[in-house]
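Student: What follows is the file data.cif, containing mmCIF, C-alpha atoms:
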```cif
data_data
#
loop_
_atom_site.label_atom_id
_atom_site.label_comp_id
_atom_site.auth_asym_id
_atom_site.auth_seq_id
_atom_site.Cartn_x
_atom_site.Cartn_y
_atom_site.Cartn_z
CA MET P 1 -10.45 39.66 -95.59
CA ASN P 2 -7.42 37.53 -96.39
CA HIS P 3 -5.06 39.51 -94.21
CA LYS P 4 -5.23 41.07 -90.79
CA SER P 5 -7.03 44.36 -90.68
CA ARG P 6 -7.49 46.80 -87.83
CA LEU P 7 -10.31 49.09 -87.07
CA LEU P 8 -11.17 51.23 -84.09
CA ALA P 9 -14.57 50.85 -82.58
CA SER P 10 -16.15 50.53 -79.23
CA THR P 11 -16.58 47.03 -78.11
CA VAL P 12 -15.21 44.76 -75.52
CA LEU P 13 -14.88 41.08 -74.93
CA ALA P 14 -12.25 38.52 -74.38
CA MET P 15 -12.46 34.94 -73.44
CA GLY P 16 -9.84 32.27 -73.10
CA LEU P 17 -9.59 28.65 -72.14
CA MET P 18 -6.98 27.53 -69.67
CA ALA P 19 -6.36 25.16 -66.82
CA PRO P 20 -8.18 26.11 -63.62
CA ALA P 21 -4.83 26.41 -61.81
CA ILE P 22 -3.90 29.43 -63.93
CA ALA P 23 -7.38 30.81 -64.42
CA GLN P 24 -6.54 34.08 -62.69
CA ASP P 25 -3.38 34.83 -64.70
CA VAL P 26 -3.40 38.42 -65.96
CA PRO P 27 -2.69 38.85 -69.69
CA ALA P 28 0.03 41.29 -70.70
CA GLY P 29 -2.38 43.87 -72.10
CA ALA P 30 -4.89 43.83 -69.23
CA SER P 31 -3.59 47.08 -67.71
CA ASP P 32 -3.66 49.05 -70.99
CA ASP P 33 -6.20 51.84 -71.39
CA VAL P 34 -7.35 50.40 -74.74
CA LEU P 35 -9.58 47.36 -74.95
CA LYS P 36 -8.16 45.05 -77.62
CA ILE P 37 -10.22 42.28 -79.16
CA GLY P 38 -9.04 39.78 -81.75
CA LEU P 39 -11.62 38.24 -84.09
CA VAL P 40 -10.59 34.90 -85.64
CA TYR P 41 -12.92 33.78 -88.43
CA THR P 42 -12.84 31.91 -91.73
CA LEU P 43 -13.11 34.75 -94.24
CA SER P 44 -11.94 33.07 -97.46
CA GLY P 45 -12.91 30.02 -99.49
CA PRO P 46 -16.36 28.35 -99.73
CA PRO P 47 -17.19 28.82 -95.99
CA ALA P 48 -16.37 32.55 -96.03
CA ALA P 49 -20.04 33.54 -95.77
CA LEU P 50 -20.17 32.04 -92.28
CA GLY P 51 -17.18 34.00 -91.00
CA GLU P 52 -18.35 37.18 -92.70
CA GLN P 53 -21.72 36.97 -90.94
CA ALA P 54 -20.01 36.48 -87.58
CA ARG P 55 -17.59 39.34 -88.16
CA ASP P 56 -20.40 41.63 -89.32
CA GLY P 57 -22.63 40.71 -86.39
CA PHE P 58 -19.88 41.56 -83.91
CA LEU P 59 -19.08 44.86 -85.63
CA LEU P 60 -22.78 45.79 -85.79
CA ALA P 61 -23.05 45.51 -82.01
CA ALA P 62 -19.77 47.37 -81.53
CA GLU P 63 -21.03 50.24 -83.67
CA LYS P 64 -24.38 50.31 -81.86
CA ILE P 65 -22.79 50.35 -78.41
CA GLY P 66 -19.96 52.75 -79.13
CA GLU P 67 -17.17 52.28 -76.63
CA LEU P 68 -17.41 48.74 -75.34
CA GLY P 69 -17.44 48.74 -71.59
CA GLY P 70 -16.78 52.46 -71.74
CA MET P 71 -13.26 51.91 -73.13
CA LYS P 72 -11.62 52.92 -76.37
CA THR P 73 -11.58 49.67 -78.33
CA GLU P 74 -9.35 48.22 -81.01
CA ILE P 75 -10.65 45.27 -83.00
CA ILE P 76 -8.13 43.18 -84.91
CA ILE P 77 -9.63 40.88 -87.54
CA VAL P 78 -7.75 37.84 -88.85
CA ASP P 79 -8.68 35.24 -91.45
CA ASP P 80 -7.86 31.69 -90.33
CA GLU P 81 -8.49 30.53 -93.94
CA GLY P 82 -9.97 27.33 -92.53
CA LYS P 83 -6.47 26.07 -91.70
CA PRO P 84 -5.85 24.94 -88.10
CA ASP P 85 -2.07 25.46 -88.22
CA LEU P 86 -2.46 28.99 -89.57
CA ALA P 87 -5.18 29.73 -87.02
CA ALA P 88 -2.91 28.67 -84.17
CA GLN P 89 -0.13 30.90 -85.50
CA LYS P 90 -2.41 33.92 -85.83
CA ALA P 91 -3.98 33.35 -82.43
CA ASN P 92 -0.49 33.22 -80.95
CA GLU P 93 0.32 36.56 -82.59
CA LEU P 94 -2.86 38.12 -81.24
CA VAL P 95 -2.06 37.28 -77.63
CA LEU P 96 1.74 37.61 -77.60
CA ARG P 97 2.40 40.41 -80.09
CA ASP P 98 -0.84 42.38 -80.10
CA ASN P 99 -1.67 41.81 -76.40
CA VAL P 100 -5.39 41.44 -77.03
CA ASP P 101 -7.68 41.22 -74.01
CA PHE P 102 -10.16 38.87 -75.65
CA VAL P 103 -10.15 36.50 -78.60
CA VAL P 104 -13.54 35.96 -80.27
CA GLY P 105 -14.28 33.16 -82.75
CA PRO P 106 -13.97 30.83 -84.60
CA ILE P 107 -16.51 29.16 -86.90
CA PHE P 108 -15.17 25.60 -87.13
CA SER P 109 -14.45 23.14 -84.33
CA ASN P 110 -11.09 22.04 -85.73
CA ILE P 111 -10.01 25.69 -85.66
CA LEU P 112 -11.28 26.07 -82.09
CA MET P 113 -9.23 23.12 -80.91
CA ALA P 114 -6.16 24.59 -82.63
CA ILE P 115 -6.40 28.00 -80.97
CA VAL P 116 -7.45 27.07 -77.44
CA GLN P 117 -3.92 26.56 -76.12
CA PRO P 118 -2.24 29.53 -77.85
CA VAL P 119 -4.94 31.81 -76.47
CA THR P 120 -5.52 30.49 -72.99
CA SER P 121 -1.94 29.68 -72.04
CA THR P 122 -1.41 33.44 -71.62
CA GLY P 123 -4.49 33.94 -69.44
CA THR P 124 -6.47 35.52 -72.26
CA VAL P 125 -10.20 34.84 -72.42
CA LEU P 126 -11.54 33.01 -75.47
CA ILE P 127 -15.18 33.38 -76.46
CA SER P 128 -16.44 31.05 -79.14
CA THR P 129 -19.35 32.43 -81.12
CA ASN P 130 -19.99 29.23 -83.02
CA ALA P 131 -17.90 26.10 -82.42
CA GLY P 132 -18.85 24.27 -79.22
CA THR P 133 -17.08 20.93 -79.05
CA SER P 134 -18.22 18.24 -76.65
CA THR P 135 -14.78 18.00 -75.02
CA LEU P 136 -14.77 21.66 -73.98
CA ALA P 137 -18.29 21.35 -72.62
CA GLY P 138 -17.39 18.36 -70.49
CA GLU P 139 -14.15 17.05 -69.04
CA ALA P 140 -12.00 19.76 -70.66
CA CYS P 141 -14.23 22.65 -69.55
CA ASN P 142 -12.28 25.65 -68.37
CA PRO P 143 -12.97 28.87 -66.43
CA ASN P 144 -11.47 31.00 -69.21
CA PHE P 145 -13.49 29.56 -72.08
CA TYR P 146 -17.03 30.70 -72.84
CA THR P 147 -19.33 30.27 -75.79
CA THR P 148 -22.27 32.40 -76.89
CA SER P 149 -23.50 29.71 -79.28
CA TYR P 150 -24.31 26.16 -78.08
CA GLN P 151 -22.76 22.78 -77.53
CA ASN P 152 -22.32 21.25 -80.99
CA ASP P 153 -24.76 18.39 -80.41
CA GLN P 154 -27.74 20.50 -79.40
CA ASN P 155 -29.16 21.82 -82.67
CA HIS P 156 -28.88 18.30 -84.06
CA GLU P 157 -30.71 16.91 -81.05
CA VAL P 158 -33.64 19.07 -82.16
CA MET P 159 -33.78 17.16 -85.43
CA GLY P 160 -33.42 13.82 -83.68
CA ALA P 161 -36.36 14.68 -81.44
CA TYR P 162 -38.39 15.76 -84.47
CA ALA P 163 -37.57 12.56 -86.36
CA GLN P 164 -38.51 10.51 -83.30
CA ALA P 165 -41.83 12.34 -82.96
CA GLN P 166 -42.59 11.76 -86.65
CA GLY P 167 -42.13 8.04 -86.18
CA TYR P 168 -39.25 7.74 -88.62
CA ASN P 169 -37.38 4.47 -88.28
CA ASN P 170 -34.95 4.49 -91.21
CA VAL P 171 -32.94 7.73 -91.41
CA PHE P 172 -29.82 8.25 -93.53
CA LEU P 173 -27.10 10.23 -91.66
CA MET P 174 -24.43 12.19 -93.56
CA THR P 175 -21.97 14.69 -92.05
CA PRO P 176 -18.36 15.85 -92.63
CA ASN P 177 -15.53 13.89 -91.07
CA TYR P 178 -14.35 16.25 -88.31
CA GLN P 179 -15.29 16.92 -84.71
CA ALA P 180 -18.44 18.94 -85.36
CA GLY P 181 -19.63 16.34 -87.86
CA LYS P 182 -19.15 13.60 -85.30
CA ASP P 183 -20.86 15.71 -82.64
CA SER P 184 -23.81 16.29 -84.97
CA GLN P 185 -24.43 12.58 -85.53
CA ALA P 186 -24.04 11.95 -81.80
CA GLY P 187 -26.51 14.72 -81.06
CA PHE P 188 -29.07 13.43 -83.54
CA LYS P 189 -28.84 9.89 -82.16
CA ASN P 190 -29.11 11.15 -78.60
CA SER P 191 -32.77 12.04 -79.17
CA TYR P 192 -33.56 9.68 -82.07
CA LYS P 193 -33.91 6.01 -81.19
CA GLY P 194 -35.04 4.62 -84.55
CA GLY P 195 -33.04 2.74 -87.15
CA THR P 196 -30.60 4.12 -89.70
CA ALA P 197 -30.37 3.42 -93.42
CA GLY P 198 -26.74 4.51 -93.43
CA GLU P 199 -24.23 6.55 -91.43
CA ILE P 200 -21.44 8.11 -93.48
CA TYR P 201 -18.81 10.80 -93.05
CA THR P 202 -17.80 12.85 -96.06
CA GLU P 203 -14.64 14.84 -96.62
CA LEU P 204 -14.70 18.28 -95.00
CA GLY P 205 -15.12 20.77 -97.84
CA GLN P 206 -16.64 18.22 -100.23
CA LEU P 207 -18.76 19.80 -102.96
CA ASP P 208 -19.83 16.84 -105.13
CA PHE P 209 -22.33 14.53 -103.45
CA SER P 210 -23.35 12.41 -106.45
CA SER P 211 -22.12 9.17 -104.88
CA GLU P 212 -23.89 9.81 -101.57
CA LEU P 213 -27.11 10.88 -103.31
CA ALA P 214 -27.07 7.66 -105.32
CA GLN P 215 -26.93 5.72 -102.05
CA ILE P 216 -29.88 7.71 -100.68
CA ALA P 217 -31.89 7.03 -103.84
CA ALA P 218 -31.13 3.31 -103.50
CA PHE P 219 -31.95 3.09 -99.78
CA GLN P 220 -35.12 5.24 -99.94
CA PRO P 221 -34.93 6.18 -96.24
CA ASP P 222 -37.75 7.75 -94.26
CA ALA P 223 -35.65 10.94 -94.06
CA VAL P 224 -32.13 12.28 -94.50
CA PHE P 225 -30.29 14.02 -91.67
CA THR P 226 -27.26 16.11 -92.53
CA PHE P 227 -24.95 18.86 -91.35
CA MET P 228 -23.18 20.61 -94.23
CA PRO P 229 -22.35 24.27 -93.51
CA GLY P 230 -21.41 26.90 -96.08
CA GLY P 231 -20.62 25.93 -99.66
CA MET P 232 -21.05 22.24 -98.84
CA GLY P 233 -24.66 22.90 -97.88
CA VAL P 234 -25.35 25.01 -100.96
CA ASN P 235 -24.15 22.26 -103.29
CA LEU P 236 -25.86 19.47 -101.38
CA VAL P 237 -29.26 21.17 -101.40
CA LYS P 238 -29.06 21.96 -105.12
CA GLN P 239 -27.88 18.46 -106.00
CA TYR P 240 -30.53 16.90 -103.73
CA SER P 241 -33.25 18.70 -105.65
CA GLN P 242 -31.68 17.92 -109.04
CA ALA P 243 -31.45 14.23 -108.09
CA GLY P 244 -35.22 14.12 -107.65
CA LEU P 245 -35.03 13.36 -103.94
CA SER P 246 -37.33 16.15 -102.77
CA GLY P 247 -39.93 13.58 -101.69
CA ILE P 248 -37.57 12.36 -98.95
CA PRO P 249 -37.67 14.73 -95.93
CA PHE P 250 -34.42 16.68 -95.57
CA LEU P 251 -33.54 17.40 -91.93
CA SER P 252 -30.49 19.44 -91.02
CA ALA P 253 -28.77 22.06 -88.96
CA PHE P 254 -26.50 24.76 -90.45
CA THR P 255 -27.18 23.41 -93.95
CA VAL P 256 -30.27 25.46 -94.76
CA ASP P 257 -29.85 28.84 -93.11
CA GLU P 258 -29.29 32.51 -93.82
CA THR P 259 -25.76 31.89 -95.13
CA THR P 260 -26.84 29.33 -97.73
CA LEU P 261 -30.39 30.41 -98.61
CA PRO P 262 -29.31 33.36 -100.81
CA ALA P 263 -27.76 30.73 -103.10
CA THR P 264 -30.21 27.84 -102.76
CA GLN P 265 -33.40 29.95 -102.64
CA ASP P 266 -36.52 28.02 -103.70
CA ALA P 267 -34.67 24.68 -103.77
CA ALA P 268 -34.46 24.86 -99.97
CA VAL P 269 -37.85 26.38 -99.11
CA GLY P 270 -39.75 24.06 -96.79
CA MET P 271 -36.65 22.23 -95.54
CA LEU P 272 -36.47 21.91 -91.76
CA GLY P 273 -33.64 22.64 -89.37
CA GLY P 274 -32.73 22.85 -85.71
CA ALA P 275 -31.65 26.20 -84.25
CA ASN P 276 -31.39 28.28 -81.10
CA TRP P 277 -32.91 31.31 -82.86
CA ALA P 278 -34.54 32.57 -86.05
CA PRO P 279 -34.82 36.08 -87.53
CA ASP P 280 -38.58 36.27 -86.96
CA MET P 281 -38.49 35.75 -83.19
CA ASP P 282 -40.81 38.26 -81.57
CA ASN P 283 -38.90 40.38 -79.08
CA ALA P 284 -37.55 43.93 -79.06
CA ALA P 285 -33.86 42.96 -78.94
CA ASN P 286 -34.27 40.70 -81.95
CA LYS P 287 -36.13 43.30 -83.97
CA GLU P 288 -33.38 45.85 -83.31
CA PHE P 289 -30.71 43.32 -84.30
CA VAL P 290 -32.36 42.00 -87.46
CA ASP P 291 -33.51 45.40 -88.72
CA GLY P 292 -30.08 46.88 -88.02
CA TYR P 293 -28.27 44.05 -89.77
CA ILE P 294 -30.46 44.19 -92.88
CA ALA P 295 -30.13 47.97 -93.03
CA LYS P 296 -26.34 47.86 -92.78
CA TYR P 297 -25.47 44.75 -94.79
CA GLY P 298 -28.47 44.20 -97.07
CA ALA P 299 -28.88 40.58 -96.01
CA VAL P 300 -30.84 38.54 -93.49
CA PRO P 301 -28.63 37.60 -90.51
CA GLY P 302 -28.09 34.00 -89.47
CA THR P 303 -27.11 32.43 -86.17
CA TYR P 304 -23.43 33.12 -86.88
CA ALA P 305 -24.17 36.86 -86.88
CA MET P 306 -26.53 36.73 -83.89
CA GLN P 307 -24.11 34.80 -81.68
CA ALA P 308 -21.23 37.15 -82.47
CA TYR P 309 -23.51 40.14 -81.86
CA ASP P 310 -24.17 38.68 -78.42
CA ALA P 311 -20.45 38.21 -77.81
CA ALA P 312 -19.92 41.94 -78.26
CA GLN P 313 -22.84 42.64 -75.93
CA LEU P 314 -21.40 40.21 -73.39
CA ILE P 315 -17.98 41.84 -73.46
CA ASN P 316 -19.56 45.27 -73.15
CA SER P 317 -21.59 44.30 -70.10
CA ALA P 318 -18.69 42.51 -68.36
CA VAL P 319 -16.11 45.24 -68.92
CA ALA P 320 -18.55 47.90 -67.78
CA LYS P 321 -19.28 45.98 -64.58
CA VAL P 322 -15.58 45.94 -63.63
CA GLY P 323 -15.17 49.60 -64.55
CA GLY P 324 -12.63 48.74 -67.23
CA ASP P 325 -10.27 47.09 -64.71
CA LEU P 326 -9.28 43.92 -66.55
CA THR P 327 -6.56 43.09 -64.04
CA ASP P 328 -9.10 41.83 -61.50
CA ARG P 329 -9.67 38.49 -63.17
CA ALA P 330 -12.04 37.09 -60.55
CA ALA P 331 -14.31 40.12 -60.90
CA LEU P 332 -14.12 39.97 -64.70
CA HIS P 333 -15.12 36.30 -64.80
CA ALA P 334 -17.96 36.93 -62.36
CA ALA P 335 -19.18 39.75 -64.60
CA ILE P 336 -19.01 37.56 -67.68
CA LYS P 337 -20.95 34.80 -65.93
CA GLU P 338 -23.75 37.26 -65.16
CA ALA P 339 -24.43 37.62 -68.92
CA ASP P 340 -26.23 40.89 -68.26
CA PHE P 341 -27.50 41.74 -71.74
CA ASP P 342 -30.62 41.23 -73.85
CA SER P 343 -30.05 38.49 -76.42
CA PRO P 344 -32.07 38.45 -79.66
CA ARG P 345 -32.76 34.79 -78.90
CA GLY P 346 -34.49 35.61 -75.61
CA ASP P 347 -33.48 33.35 -72.71
CA PHE P 348 -29.71 33.24 -72.17
CA SER P 349 -27.61 32.32 -69.16
CA PHE P 350 -24.38 30.41 -68.59
CA GLY P 351 -24.31 26.91 -67.17
CA LYS P 352 -21.57 25.51 -64.93
CA ASN P 353 -19.42 24.75 -67.99
CA ASN P 354 -19.72 28.30 -69.42
CA PHE P 355 -22.00 27.07 -72.23
CA PRO P 356 -25.41 28.71 -72.69
CA ILE P 357 -28.65 27.53 -71.16
CA GLN P 358 -31.21 28.45 -73.81
CA ASP P 359 -34.22 27.33 -75.85
CA PHE P 360 -34.06 25.38 -79.13
CA TYR P 361 -36.47 25.36 -82.05
CA LEU P 362 -37.59 23.55 -85.15
CA VAL P 363 -37.22 26.09 -87.97
CA GLU P 364 -38.28 26.10 -91.61
CA ALA P 365 -36.70 27.75 -94.66
CA VAL P 366 -39.09 30.36 -96.08
CA LYS P 367 -39.28 33.14 -98.63
CA ARG P 368 -39.93 36.28 -96.60
CA GLU P 369 -42.39 39.06 -97.36
CA ASP P 370 -39.45 41.30 -98.31
CA GLY P 371 -38.45 38.80 -101.03
CA MET P 372 -35.38 37.57 -99.18
CA TYR P 373 -34.95 34.07 -97.79
CA GLY P 374 -34.55 33.09 -94.16
CA THR P 375 -35.64 30.67 -91.48
CA SER P 376 -38.81 30.86 -89.42
CA VAL P 377 -39.69 29.30 -86.07
CA LYS P 378 -42.20 26.46 -86.33
CA GLU P 379 -42.06 24.94 -82.85
CA LYS P 380 -40.07 25.11 -79.62
CA ILE P 381 -38.46 21.72 -79.00
CA PHE P 382 -36.33 22.26 -75.87
CA ASP P 383 -36.82 24.84 -73.11
CA ASP P 384 -33.85 26.15 -71.05
CA TYR P 385 -31.82 23.22 -72.31
CA VAL P 386 -28.57 22.24 -70.57
CA ASP P 387 -26.18 20.28 -72.79
CA ASN P 388 -25.48 16.61 -72.08
CA TYR P 389 -21.81 17.15 -71.17
CA ALA P 390 -22.21 19.75 -68.41
CA ASP P 391 -22.27 17.13 -65.65
CA GLN P 392 -18.78 16.03 -66.71
CA CYS P 393 -17.43 19.55 -66.05
CA LYS P 394 -15.69 19.81 -62.67
CA MET P 395 -15.63 23.61 -62.37
#
```
Translate the structure of the given file into structure tokens.
Tutor:
Amino acid sequence: MNHKSRLLASTVLAMGLMAPAIAQDVPAGASDDVLKIGLVYTLSGPPAALGEQARDGFLLAAEKIGELGGMKTEIIIVDDEGKPDLAAQKANELVLRDNVDFVVGPIFSNILMAIVQPVTSTGTVLISTNAGTSTLAGEACNPNFYTTSYQNDQNHEVMGAYAQAQGYNNVFLMTPNYQAGKDSQAGFKNSYKGGTAGEIYTELGQLDFSSELAQIAAFQPDAVFTFMPGGMGVNLVKQYSQAGLSGIPFLSAFTVDETTLPATQDAAVGMLGGANWAPDMDNAANKEFVDGYIAKYGAVPGTYAMQAYDAAQLINSAVAKVGGDLTDRAALHAAIKEADFDSPRGDFSFGKNNFPIQDFYLVEAVKREDGMYGTSVKEKIFDDYVDNYADQCKM
């Protein structure tokens, strides 16, 4: 959607980031009898598939649950269009004009950093279902900010650990030039101690990688590590194959996943990634989620959808625990911290910085038995993993 749309459902969740001194401020709409949730996602342009999966995952849970937290719920959906200034404006409207109780989203870290202040300065809770910048996990952690995803570095640390275990000593690193791209290289190098053939940052939104691929062909590294979400990833994978580089292992996170595989298909099969979940994980909550998503949307869900699905479940559990009384902020935050819901990923709890403690996996792109493409768990790499910035959080 390019414009704000409203729809009634049952779902509840709101998270916001703010200074500890004002953590108990009560938002203007907290005493209303309607639970209002604002979703802020990128729903236009090449990365739209990511935002659409997150939106759809949240709405799937809301439909399954009915009234979130037992309250009549209004969900307001806005498209940030991938523009930080616009995102800040729309987030401001959600909290000051629409009096939402929770803001959920976004996809990109530069958008997250743009909306944190507009949301949390009013006492509203912000729940990120994807972006998890290192600053907000560490020194800038805040009682009113939660994430149901990960700290940005962590999925990339999976690939660093894998590269280290494989004995690679000459890896080419390539990520977009923004906070998540920097976090991804930092994460990879946190668990990979070998040498690098090159470390470059591309333009965010870049779609032509001919120059970079020529460098890779010249360097002939042991492997390539990259983070290119959405349309960037689609083009990179296709061009990588066309450039005849398939013999060089392609390691990534968010480049080969359920948002890009419908476009890349066989060109990506066999490529490896790091993730906190995959559609074939064997537990009842995951089966219900994946089967429900495929039945409703005709596509295999990715992590964007799963993490937003969990955000709706989190809001539902927290609001129910406080009996719909959102004015008791201490009780609401305590209820959120309990994370009393069954995640499709399995283990899930909040650490001291309100980031998840969870498991991480090496996953592989596969063609499924139903003919669709998705990722599949190959190996657990980290168990109950706490991010590397949590100790810097003073909460």
Student: Run the PyMOL selection byres ((chain P and resi 188-192) around 6) mentally over the shown coordinates, then write out the matched residues as a PDB file with C-alpha atoms, in the coordinates of the input, using the chain letters and numbers from the document.
Tutor:
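Output saved as selection_6.pdb:
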```pdb
ATOM      1  CA  HIS P 156     -28.880  18.300 -84.060  1.00  0.00           C
ATOM      2  CA  GLU P 157     -30.710  16.910 -81.050  1.00  0.00           C
ATOM      3  CA  GLY P 160     -33.420  13.820 -83.680  1.00  0.00           C
ATOM      4  CA  ALA P 161     -36.360  14.680 -81.440  1.00  0.00           C
ATOM      5  CA  GLN P 164     -38.510  10.510 -83.300  1.00  0.00           C
ATOM      6  CA  GLN P 185     -24.430  12.580 -85.530  1.00  0.00           C
ATOM      7  CA  ALA P 186     -24.040  11.950 -81.800  1.00  0.00           C
ATOM      8  CA  GLY P 187     -26.510  14.720 -81.060  1.00  0.00           C
ATOM      9  CA  LYS P 193     -33.910   6.010 -81.190  1.00  0.00           C
ATOM     10  CA  GLY P 194     -35.040   4.620 -84.550  1.00  0.00           C
TER      11      GLY P 194
END
```
Student: Could you check how far atom CA of Leu314 of chain P sits from atom CA of Ile127 of chain P, in Å to one decimal?
Tutor: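 Rounded to one decimal, the two atoms are 9.7 Å apart.
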Student: Restricting the calculation to all atoms listed in the file: of P:Asn354, P:Gly66, P:Phe225, P:Gly230, which residue gets closest to Gly132 of chain P?
Tutor: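 Selected residue with least distance to Gly132 of chain P: P:Asn354.
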Student: So which one's closest to Asn130 of chain P, P:Asn286, P:Gln242, P:Thr73, P:Ser109? Using all atoms listed in the file, please.
Tutor: P:Ser109
Student: Per residue of segment 243-316 of chain P within 12 Å of segment 341-350 of chain P, what are the shortest atom pair and its distance in Å to one decimal, counting all atoms listed in the file, with rows by chain and residue number, as CSV?
Tutor:
```
residue,atom,partner,partner_atom,distance
P:Ala275,CA,P:Arg345,CA,10.2
P:Asn276,CA,P:Arg345,CA,7.0
P:Trp277,CA,P:Arg345,CA,5.3
P:Ala278,CA,P:Arg345,CA,7.7
P:Pro279,CA,P:Pro344,CA,8.7
P:Asp280,CA,P:Pro344,CA,10.0
P:Met281,CA,P:Arg345,CA,7.2
P:Asp282,CA,P:Pro344,CA,8.9
P:Asn283,CA,P:Pro344,CA,7.1
P:Ala284,CA,P:Pro344,CA,7.8
P:Ala285,CA,P:Pro344,CA,4.9
P:Asn286,CA,P:Pro344,CA,3.9
P:Lys287,CA,P:Pro344,CA,7.7
P:Glu288,CA,P:Pro344,CA,8.4
P:Phe289,CA,P:Pro344,CA,6.9
P:Val290,CA,P:Pro344,CA,8.6
P:Asp291,CA,P:Pro344,CA,11.5
P:Pro301,CA,P:Pro344,CA,11.4
P:Gly302,CA,P:Pro344,CA,11.5
P:Thr303,CA,P:Arg345,CA,9.5
P:Ala305,CA,P:Pro344,CA,10.8
P:Met306,CA,P:Pro344,CA,7.2
P:Gln307,CA,P:Ser343,CA,8.8
P:Ala308,CA,P:Ser343,CA,10.8
P:Tyr309,CA,P:Ser343,CA,8.7
P:Asp310,CA,P:Ser343,CA,6.2
P:Ala311,CA,P:Ser343,CA,9.7
P:Ala312,CA,P:Phe341,CA,10.0
P:Gln313,CA,P:Phe341,CA,6.3
P:Leu314,CA,P:Phe341,CA,6.5
P:Ile315,CA,P:Phe341,CA,9.7
P:Asn316,CA,P:Phe341,CA,8.8
```
Student: So the first atom is atom CA of Pro143 of chain P and the second is atom CA of Asp384 of chain P; what is the distance between them in Å, to one decimal place?
Tutor: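 Distance reported for this atom pair: 21.6 Å.
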Student: Name every residue that the PyMOL selection byres ((chain P and resi 151) around 9) selects in this structure, writing the answer as number ranges by chain with chains first and numbers rising.
Tutor: P: 130-134, 136-137, 147, 149-150, 152-155, 183, 355-356, 387-389
Student: For a quick check of your reading of the model, name the residues lying within 10 Å of the coordinate (-29.9, 1.4, -86.7), counting all atoms listed in the file, and write them as a compact mmCIF listing (two decimals) with C-alpha atoms, in the coordinates of the input.
Tutor:
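Below is the file result_3.txt, written as the result:
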```
# COMPACT_ATOMS: atom_id res chain seq x y z
CA ASN P 169 -37.38 4.47 -88.28
CA ASN P 170 -34.95 4.49 -91.21
CA VAL P 171 -32.94 7.73 -91.41
CA PHE P 172 -29.82 8.25 -93.53
CA LYS P 189 -28.84 9.89 -82.16
CA LYS P 193 -33.91 6.01 -81.19
CA GLY P 194 -35.04 4.62 -84.55
CA GLY P 195 -33.04 2.74 -87.15
CA THR P 196 -30.60 4.12 -89.70
CA ALA P 197 -30.37 3.42 -93.42
CA GLY P 198 -26.74 4.51 -93.43
CA GLU P 199 -24.23 6.55 -91.43
```
Student: Selected by the PyMOL selection byres ((chain P and resi 263-272) around 7) in the shown coordinates: which residues, as a list in words?
Tutor: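 For this structure, the PyMOL selection byres ((chain P and resi 263-272) around 7) resolves to Val234, Val237, Lys238, Ser241, Phe250, Leu251, Ser252, Val256, Thr260, Leu261, Pro262, Gly273, Leu362, Val363, Glu364, Ala365, Val366, Lys367 and Tyr373 of chain P.
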Student: Find the residues around segment 94-99 of chain P up to 8 Å (only C-alpha atoms counted), leave out those fewer than 2 positions away in its own chain, and share them as a PDB file with C-alpha atoms, keeping the file's coordinate frame.
Tutor:
```
ATOM      1  CA  PRO P  27      -2.690  38.850 -69.690  1.00  0.00           C
ATOM      2  CA  ALA P  28       0.030  41.290 -70.700  1.00  0.00           C
ATOM      3  CA  GLY P  29      -2.380  43.870 -72.100  1.00  0.00           C
ATOM      4  CA  LYS P  36      -8.160  45.050 -77.620  1.00  0.00           C
ATOM      5  CA  GLY P  38      -9.040  39.780 -81.750  1.00  0.00           C
ATOM      6  CA  LYS P  90      -2.410  33.920 -85.830  1.00  0.00           C
ATOM      7  CA  ALA P  91      -3.980  33.350 -82.430  1.00  0.00           C
ATOM      8  CA  ASN P  92      -0.490  33.220 -80.950  1.00  0.00           C
ATOM      9  CA  ASP P 101      -7.680  41.220 -74.010  1.00  0.00           C
ATOM     10  CA  VAL P 103     -10.150  36.500 -78.600  1.00  0.00           C
ATOM     11  CA  PRO P 118      -2.240  29.530 -77.850  1.00  0.00           C
ATOM     12  CA  VAL P 119      -4.940  31.810 -76.470  1.00  0.00           C
ATOM     13  CA  THR P 122      -1.410  33.440 -71.620  1.00  0.00           C
ATOM     14  CA  THR P 124      -6.470  35.520 -72.260  1.00  0.00           C
TER      15      THR P 124
END
```
Student: One decimal, in Å: what's the spacing between atom CA of Gly123 of chain P and atom CA of Ile75 of chain P?
Tutor: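 So the answer is 18.7 Å.
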Student: Compare P:Glu212, P:Asp370, P:Asp33, P:Asp328 by their minimum atom-to-atom distance to Ile200 of chain P, counting all atoms listed in the file, and give me the closest one.
Tutor: P:Glu212
Student: Where does segment 198-256 of chain P meet segment 50-65 of chain P within 10 Å, residue by residue, with the nearest atom pair and distance in Å to one decimal for each, counting all atoms listed in the file, listed by chain and rising number, as a tab-separated table?
Tutor:
```
residue	atom	partner	partner_atom	distance
P:Pro229	CA	P:Leu50	CA	8.2
P:Gly230	CA	P:Leu50	CA	6.5
P:Gly231	CA	P:Leu50	CA	9.6
P:Phe254	CA	P:Leu50	CA	9.8
```
Student: Would you output that residue set with C-alpha atoms, as a PDB file, keeping the file's coordinate frame?
Tutor:
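Wrote it out as again_1.pdb, contents follow:
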```
ATOM      1  CA  PRO P 229     -22.350  24.270 -93.510  1.00  0.00           C
ATOM      2  CA  GLY P 230     -21.410  26.900 -96.080  1.00  0.00           C
ATOM      3  CA  GLY P 231     -20.620  25.930 -99.660  1.00  0.00           C
ATOM      4  CA  PHE P 254     -26.500  24.760 -90.450  1.00  0.00           C
TER       5      PHE P 254
END
```
Student: Can you work out which one of P:Gly82, P:Pro221, P:Gly138, P:Gly105 has the shortest atom-to-atom distance to Leu39 of chain P, counting all atoms listed in the file?
Tutor: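 Result for the nearest residue to Leu39 of chain P: P:Gly105.
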